[in-house]
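Peer 1: Below is target39.pdb; it holds PDB, C-alpha atoms.
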```pdb
ATOM      1  CA  MET H   1     156.323 125.994 148.076
ATOM      2  CA  ALA H   2     154.041 123.591 146.139
ATOM      3  CA  ILE H   3     152.108 126.550 144.743
ATOM      4  CA  ARG H   4     155.330 128.090 143.402
ATOM      5  CA  THR H   5     156.333 124.792 141.801
ATOM      6  CA  ARG H   6     152.925 124.421 140.106
ATOM      7  CA  ALA H   7     153.053 128.034 138.940
ATOM      8  CA  ALA H   8     156.532 127.527 137.519
ATOM      9  CA  ALA H   9     155.401 124.327 135.790
ATOM     10  CA  ARG H  10     152.399 126.134 134.251
ATOM     11  CA  LEU H  11     154.616 128.980 133.111
ATOM     12  CA  ALA H  12     157.034 126.509 131.499
ATOM     13  CA  LEU H  13     154.144 124.783 129.695
ATOM     14  CA  LEU H  14     152.749 128.109 128.498
ATOM     15  CA  LEU H  15     156.130 129.224 127.209
ATOM     16  CA  ALA H  16     156.706 125.893 125.469
ATOM     17  CA  ALA H  17     153.318 126.180 123.759
ATOM     18  CA  ALA H  18     153.802 129.829 122.864
ATOM     19  CA  LEU H  19     157.327 129.453 121.463
ATOM     20  CA  PRO H  20     157.409 126.562 118.966
ATOM     21  CA  GLY H  21     160.910 125.261 118.571
ATOM     22  CA  ALA H  22     162.118 126.884 121.781
ATOM     23  CA  CYS H  23     162.384 123.499 123.436
ATOM     24  CA  SER H  24     164.072 121.785 120.510
ATOM     25  CA  ARG H  25     166.869 119.308 121.009
ATOM     26  CA  PRO H  26     170.387 120.663 121.511
ATOM     27  CA  GLY H  27     172.235 121.092 118.240
ATOM     28  CA  LYS H  28     169.033 121.266 116.215
ATOM     29  CA  PRO H  29     168.060 124.766 115.091
ATOM     30  CA  PRO H  30     164.531 125.858 115.898
ATOM     31  CA  GLU H  31     162.082 125.611 113.030
ATOM     32  CA  ALA H  32     160.948 128.759 111.266
ATOM     33  CA  PRO H  33     157.502 129.940 112.279
ATOM     34  CA  ARG H  34     154.769 128.546 110.070
ATOM     35  CA  GLY H  35     154.059 130.764 107.135
ATOM     36  CA  TYR H  36     157.492 132.422 107.188
ATOM     37  CA  VAL H  37     159.007 132.999 103.760
ATOM     38  CA  ILE H  38     162.461 134.459 103.364
ATOM     39  CA  GLY H  39     162.329 137.733 101.457
ATOM     40  CA  LEU H  40     163.615 138.018  97.919
ATOM     41  CA  GLY H  41     165.924 140.829  99.046
ATOM     42  CA  GLU H  42     167.493 138.514 101.625
ATOM     43  CA  ILE H  43     167.958 135.767  99.025
ATOM     44  CA  MET H  44     169.503 138.239  96.594
ATOM     45  CA  GLY H  45     171.766 139.656  99.318
ATOM     46  CA  LEU H  46     173.108 136.157  99.929
ATOM     47  CA  THR H  47     173.403 135.681  96.176
ATOM     48  CA  GLN H  48     175.527 138.819  95.957
ATOM     49  CA  MET H  49     177.777 137.494  98.715
ATOM     50  CA  ARG H  50     178.138 134.124  96.925
ATOM     51  CA  HIS H  51     178.882 135.965  93.670
ATOM     52  CA  ALA H  52     181.757 137.817  95.353
ATOM     53  CA  LYS H  53     183.119 134.745  97.112
ATOM     54  CA  LEU H  54     182.973 132.795  93.848
ATOM     55  CA  TRP H  55     185.082 135.470  92.153
ATOM     56  CA  PHE H  56     187.798 135.462  94.792
ATOM     57  CA  ALA H  57     187.889 131.661  94.985
ATOM     58  CA  GLY H  58     188.322 131.416  91.214
ATOM     59  CA  GLN H  59     190.974 134.120  91.107
ATOM     60  CA  ALA H  60     192.887 132.333  93.865
ATOM     61  CA  GLY H  61     192.606 128.995  92.054
ATOM     62  CA  ASN H  62     190.709 127.485  94.977
ATOM     63  CA  TRP H  63     188.575 125.293  92.746
ATOM     64  CA  PRO H  64     186.856 123.290  95.515
ATOM     65  CA  LEU H  65     185.697 126.569  97.102
ATOM     66  CA  ALA H  66     184.667 127.939  93.695
ATOM     67  CA  ALA H  67     182.630 124.777  93.027
ATOM     68  CA  TYR H  68     180.988 125.105  96.435
ATOM     69  CA  GLU H  69     180.090 128.784  95.945
ATOM     70  CA  LEU H  70     178.796 128.066  92.440
ATOM     71  CA  ASP H  71     176.521 125.357  93.835
ATOM     72  CA  GLU H  72     175.333 127.752  96.540
ATOM     73  CA  LEU H  73     174.546 130.357  93.873
ATOM     74  CA  LYS H  74     172.419 127.816  92.025
ATOM     75  CA  GLU H  75     170.591 126.929  95.247
ATOM     76  CA  GLY H  76     169.924 130.615  95.889
ATOM     77  CA  PHE H  77     168.485 131.088  92.405
ATOM     78  CA  ALA H  78     166.295 128.007  92.933
ATOM     79  CA  ASP H  79     165.112 129.409  96.278
ATOM     80  CA  ALA H  80     164.267 132.751  94.668
ATOM     81  CA  ALA H  81     162.186 131.013  92.001
ATOM     82  CA  HIS H  82     160.523 128.677  94.519
ATOM     83  CA  TYR H  83     159.664 131.167  97.254
ATOM     84  CA  HIS H  84     158.953 134.127  94.965
ATOM     85  CA  PRO H  85     157.488 132.790  91.722
ATOM     86  CA  HIS H  86     155.993 136.244  91.136
ATOM     87  CA  HIS H  87     157.431 139.420  92.594
ATOM     88  CA  LYS H  88     155.843 142.850  92.684
ATOM     89  CA  ASN H  89     155.439 144.160  89.112
ATOM     90  CA  VAL H  90     157.992 141.840  87.506
ATOM     91  CA  PRO H  91     156.460 140.969  84.111
ATOM     92  CA  GLU H  92     157.368 137.256  84.043
ATOM     93  CA  PRO H  93     157.691 134.452  86.595
ATOM     94  CA  LEU H  94     161.060 134.721  88.335
ATOM     95  CA  GLY H  95     161.935 131.092  87.611
ATOM     96  CA  ARG H  96     161.640 131.724  83.876
ATOM     97  CA  MET H  97     163.690 134.914  84.071
ATOM     98  CA  ILE H  98     166.406 133.420  86.251
ATOM     99  CA  ALA H  99     166.797 130.477  83.881
ATOM    100  CA  GLU H 100     166.814 132.737  80.817
ATOM    101  CA  TYR H 101     169.557 134.991  82.111
ATOM    102  CA  THR H 102     171.730 132.625  84.175
ATOM    103  CA  GLN H 103     171.458 129.085  82.788
ATOM    104  CA  GLU H 104     174.096 129.487  80.087
ATOM    105  CA  PRO H 105     176.640 131.433  82.174
ATOM    106  CA  LEU H 106     176.241 128.983  85.068
ATOM    107  CA  ALA H 107     176.997 126.101  82.700
ATOM    108  CA  GLU H 108     180.068 128.012  81.441
ATOM    109  CA  LEU H 109     181.199 128.485  85.039
ATOM    110  CA  ASP H 110     180.698 124.784  85.740
ATOM    111  CA  THR H 111     183.022 123.967  82.841
ATOM    112  CA  ALA H 112     185.617 126.559  83.825
ATOM    113  CA  VAL H 113     185.699 125.377  87.442
ATOM    114  CA  GLU H 114     185.819 121.710  86.429
ATOM    115  CA  ARG H 115     188.748 122.418  84.075
ATOM    116  CA  GLN H 116     190.376 124.788  86.570
ATOM    117  CA  ASP H 117     190.731 127.344  83.792
ATOM    118  CA  LYS H 118     191.201 130.872  85.181
ATOM    119  CA  ALA H 119     190.797 132.658  81.839
ATOM    120  CA  ARG H 120     187.609 130.773  81.005
ATOM    121  CA  PHE H 121     186.413 131.341  84.570
ATOM    122  CA  ALA H 122     186.830 135.129  84.292
ATOM    123  CA  THR H 123     184.917 135.204  80.991
ATOM    124  CA  ALA H 124     182.117 133.030  82.369
ATOM    125  CA  PHE H 125     181.947 135.069  85.566
ATOM    126  CA  ASP H 126     181.571 138.269  83.552
ATOM    127  CA  HIS H 127     178.894 136.573  81.445
ATOM    128  CA  LEU H 128     176.987 135.653  84.629
ATOM    129  CA  THR H 129     177.342 139.201  85.938
ATOM    130  CA  GLN H 130     175.961 140.560  82.649
ATOM    131  CA  GLY H 131     173.083 138.063  82.909
ATOM    132  CA  CYS H 132     172.273 139.226  86.425
ATOM    133  CA  ASN H 133     172.221 142.847  85.307
ATOM    134  CA  ALA H 134     170.070 142.041  82.262
ATOM    135  CA  CYS H 135     167.623 140.170  84.523
ATOM    136  CA  HIS H 136     167.499 143.105  86.936
ATOM    137  CA  GLU H 137     166.816 145.443  84.009
ATOM    138  CA  ALA H 138     164.051 143.222  82.596
ATOM    139  CA  ALA H 139     162.468 142.922  86.048
ATOM    140  CA  GLY H 140     162.387 146.683  86.556
ATOM    141  CA  PHE H 141     165.262 146.645  89.043
ATOM    142  CA  GLY H 142     167.908 148.027  86.683
ATOM    143  CA  PHE H 143     169.120 150.337  89.420
ATOM    144  CA  ASN H 144     170.646 147.241  91.055
ATOM    145  CA  VAL H 145     173.869 146.776  89.093
ATOM    146  CA  VAL H 146     176.381 144.105  90.091
ATOM    147  CA  GLN H 147     180.014 143.971  89.009
ATOM    148  CA  ARG H 148     183.220 142.096  89.639
ATOM    149  CA  PRO H 149     184.075 142.594  93.288
ATOM    150  CA  THR H 150     187.280 144.468  94.094
ATOM    151  CA  VAL H 151     187.675 143.628  97.792
ATOM    152  CA  PRO H 152     187.002 140.265  99.447
ATOM    153  CA  PRO H 153     183.705 140.360 101.364
ATOM    154  CA  TYR H 154     185.205 138.781 104.470
ATOM    155  CA  SER H 155     188.518 139.462 106.104
ATOM    156  CA  ASN H 156     188.254 136.239 108.088
ATOM    157  CA  GLN H 157     188.255 133.876 105.102
ATOM    158  CA  ARG H 158     191.293 132.801 103.137
ATOM    159  CA  PHE H 159     190.509 132.294  99.460
ATOM    160  CA  GLU H 160     193.832 130.732  98.482
ATOM    161  CA  PRO H 161     193.807 126.915  98.445
TER     162      PRO H 161
END
```
In structure tokens, write the structure found in this file.

Peer 2:
Amino acid sequence: MAIRTRAAARLALLLAAALPGACSRPGKPPEAPRGYVIGLGEIMGLTQMRHAKLWFAGQAGNWPLAAYELDELKEGFADAAHYHPHHKNVPEPLGRMIAEYTQEPLAELDTAVERQDKARFATAFDHLTQGCNACHEAAGFGFNVVQRPTVPPYSNQRFEP
């Protein structure tokens, strides 16, 4: 019986050493493995989702949700620039390109959301969408065209305030 207990204890120690974060405290997510960097495609996929949610929040007049999604979009752009300063054959640093194509439309969206102005919001949203497409084109990813969404991305979220 003592041999089994020692073997189980050794196994537990080996697993704890081999799986960093596996023995983290309850409620605290495990840390990402060292050296892990989220892919640009994953960041952009989340950006596309935020873009859609922002549209539906603004159209519904849910300005707190629109402000939240707009802030999340900005964080996603910052993550893209931080984690992928250079990407494949893109001719310029991503941070420079993201700022060039999105800074002005994001500021317009900030104003529209702050003023709760649906008409201004729609114009600013379209301006951001055009900026995203222009950035994709300049980066050699012009095949990736975004547009105003037509169907909410989630059926389990209410966009009305």

Peer 1: Using all atoms listed in the file, which protein or nucleic acid residues come within 9 Å of segment 53-70 of chain H? Drop anything in the same chain fewer than 3 positions from it, and give the result as an mmCIF file with C-alpha atoms, in the frame of the given file.

Peer 2:
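Dumped everything to around-v5.cif:
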```
data_model
loop_
_atom_site.group_PDB
_atom_site.id
_atom_site.type_symbol
_atom_site.label_atom_id
_atom_site.label_comp_id
_atom_site.auth_asym_id
_atom_site.auth_seq_id
_atom_site.Cartn_x
_atom_site.Cartn_y
_atom_site.Cartn_z
ATOM 1 C CA GLN H 48 175.527 138.819 95.957
ATOM 2 C CA MET H 49 177.777 137.494 98.715
ATOM 3 C CA ARG H 50 178.138 134.124 96.925
ATOM 4 C CA LEU H 73 174.546 130.357 93.873
ATOM 5 C CA LYS H 74 172.419 127.816 92.025
ATOM 6 C CA GLU H 75 170.591 126.929 95.247
ATOM 7 C CA LEU H 106 176.241 128.983 85.068
ATOM 8 C CA LEU H 109 181.199 128.485 85.039
ATOM 9 C CA ASP H 110 180.698 124.784 85.740
ATOM 10 C CA VAL H 113 185.699 125.377 87.442
ATOM 11 C CA GLU H 114 185.819 121.710 86.429
ATOM 12 C CA GLN H 116 190.376 124.788 86.570
ATOM 13 C CA ASP H 117 190.731 127.344 83.792
ATOM 14 C CA LYS H 118 191.201 130.872 85.181
ATOM 15 C CA PHE H 121 186.413 131.341 84.570
ATOM 16 C CA ALA H 122 186.830 135.129 84.292
ATOM 17 C CA PHE H 125 181.947 135.069 85.566
ATOM 18 C CA ARG H 148 183.220 142.096 89.639
ATOM 19 C CA PRO H 149 184.075 142.594 93.288
ATOM 20 C CA VAL H 151 187.675 143.628 97.792
ATOM 21 C CA PRO H 152 187.002 140.265 99.447
ATOM 22 C CA PRO H 153 183.705 140.360 101.364
ATOM 23 C CA TYR H 154 185.205 138.781 104.470
ATOM 24 C CA ARG H 158 191.293 132.801 103.137
ATOM 25 C CA PHE H 159 190.509 132.294 99.460
ATOM 26 C CA GLU H 160 193.832 130.732 98.482
ATOM 27 C CA PRO H 161 193.807 126.915 98.445
#
```

Peer 1: Run the PyMOL selection byres ((chain H and resi 86-91) around 9) against the file shown and list the residues it catches, as number ranges by chain.

Peer 2: H: 40, 81, 83-85, 92-95, 138-141

Peer 1: Please write as a ChimeraX atom specification the full residue list that the PyMOL selection byres ((chain H and resi 130) around 10) yields on this file.

Peer 2: /H:101-102,105,124-129,131-136,145-147

Peer 1: Between atom CA of Gln103 of chain H and atom CA of Arg115 of chain H, measure the distance and give it in Å to one decimal.

Peer 2: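 Computing it gives 18.6 Å between the two atoms.
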
Peer 1: Would you work out the distance separating atom CA of Thr47 of chain H from atom CA of Asp71 of chain H, expressed in Å to one decimal?

Peer 2: 11.0 Å

Peer 1: Please write out, as JSON, where the centre of an axis-aligned box around all listed atoms of segment 121-138 of chain H lies and how long its edges are, in Å to one decimal, after adding 4 Å on each side.

Peer 2:
```
{"center_x": 175.4, "center_y": 138.4, "center_z": 84.0, "size_x": 30.8, "size_y": 22.1, "size_z": 13.9}
```

Peer 1: In Å to one decimal, how far is atom CA of His51 of chain H from atom CA of Gln157 of chain H?

Peer 2: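 According to the coordinates, atom CA of Gln157 of chain H and atom CA of His51 of chain H are separated by 14.9 Å.
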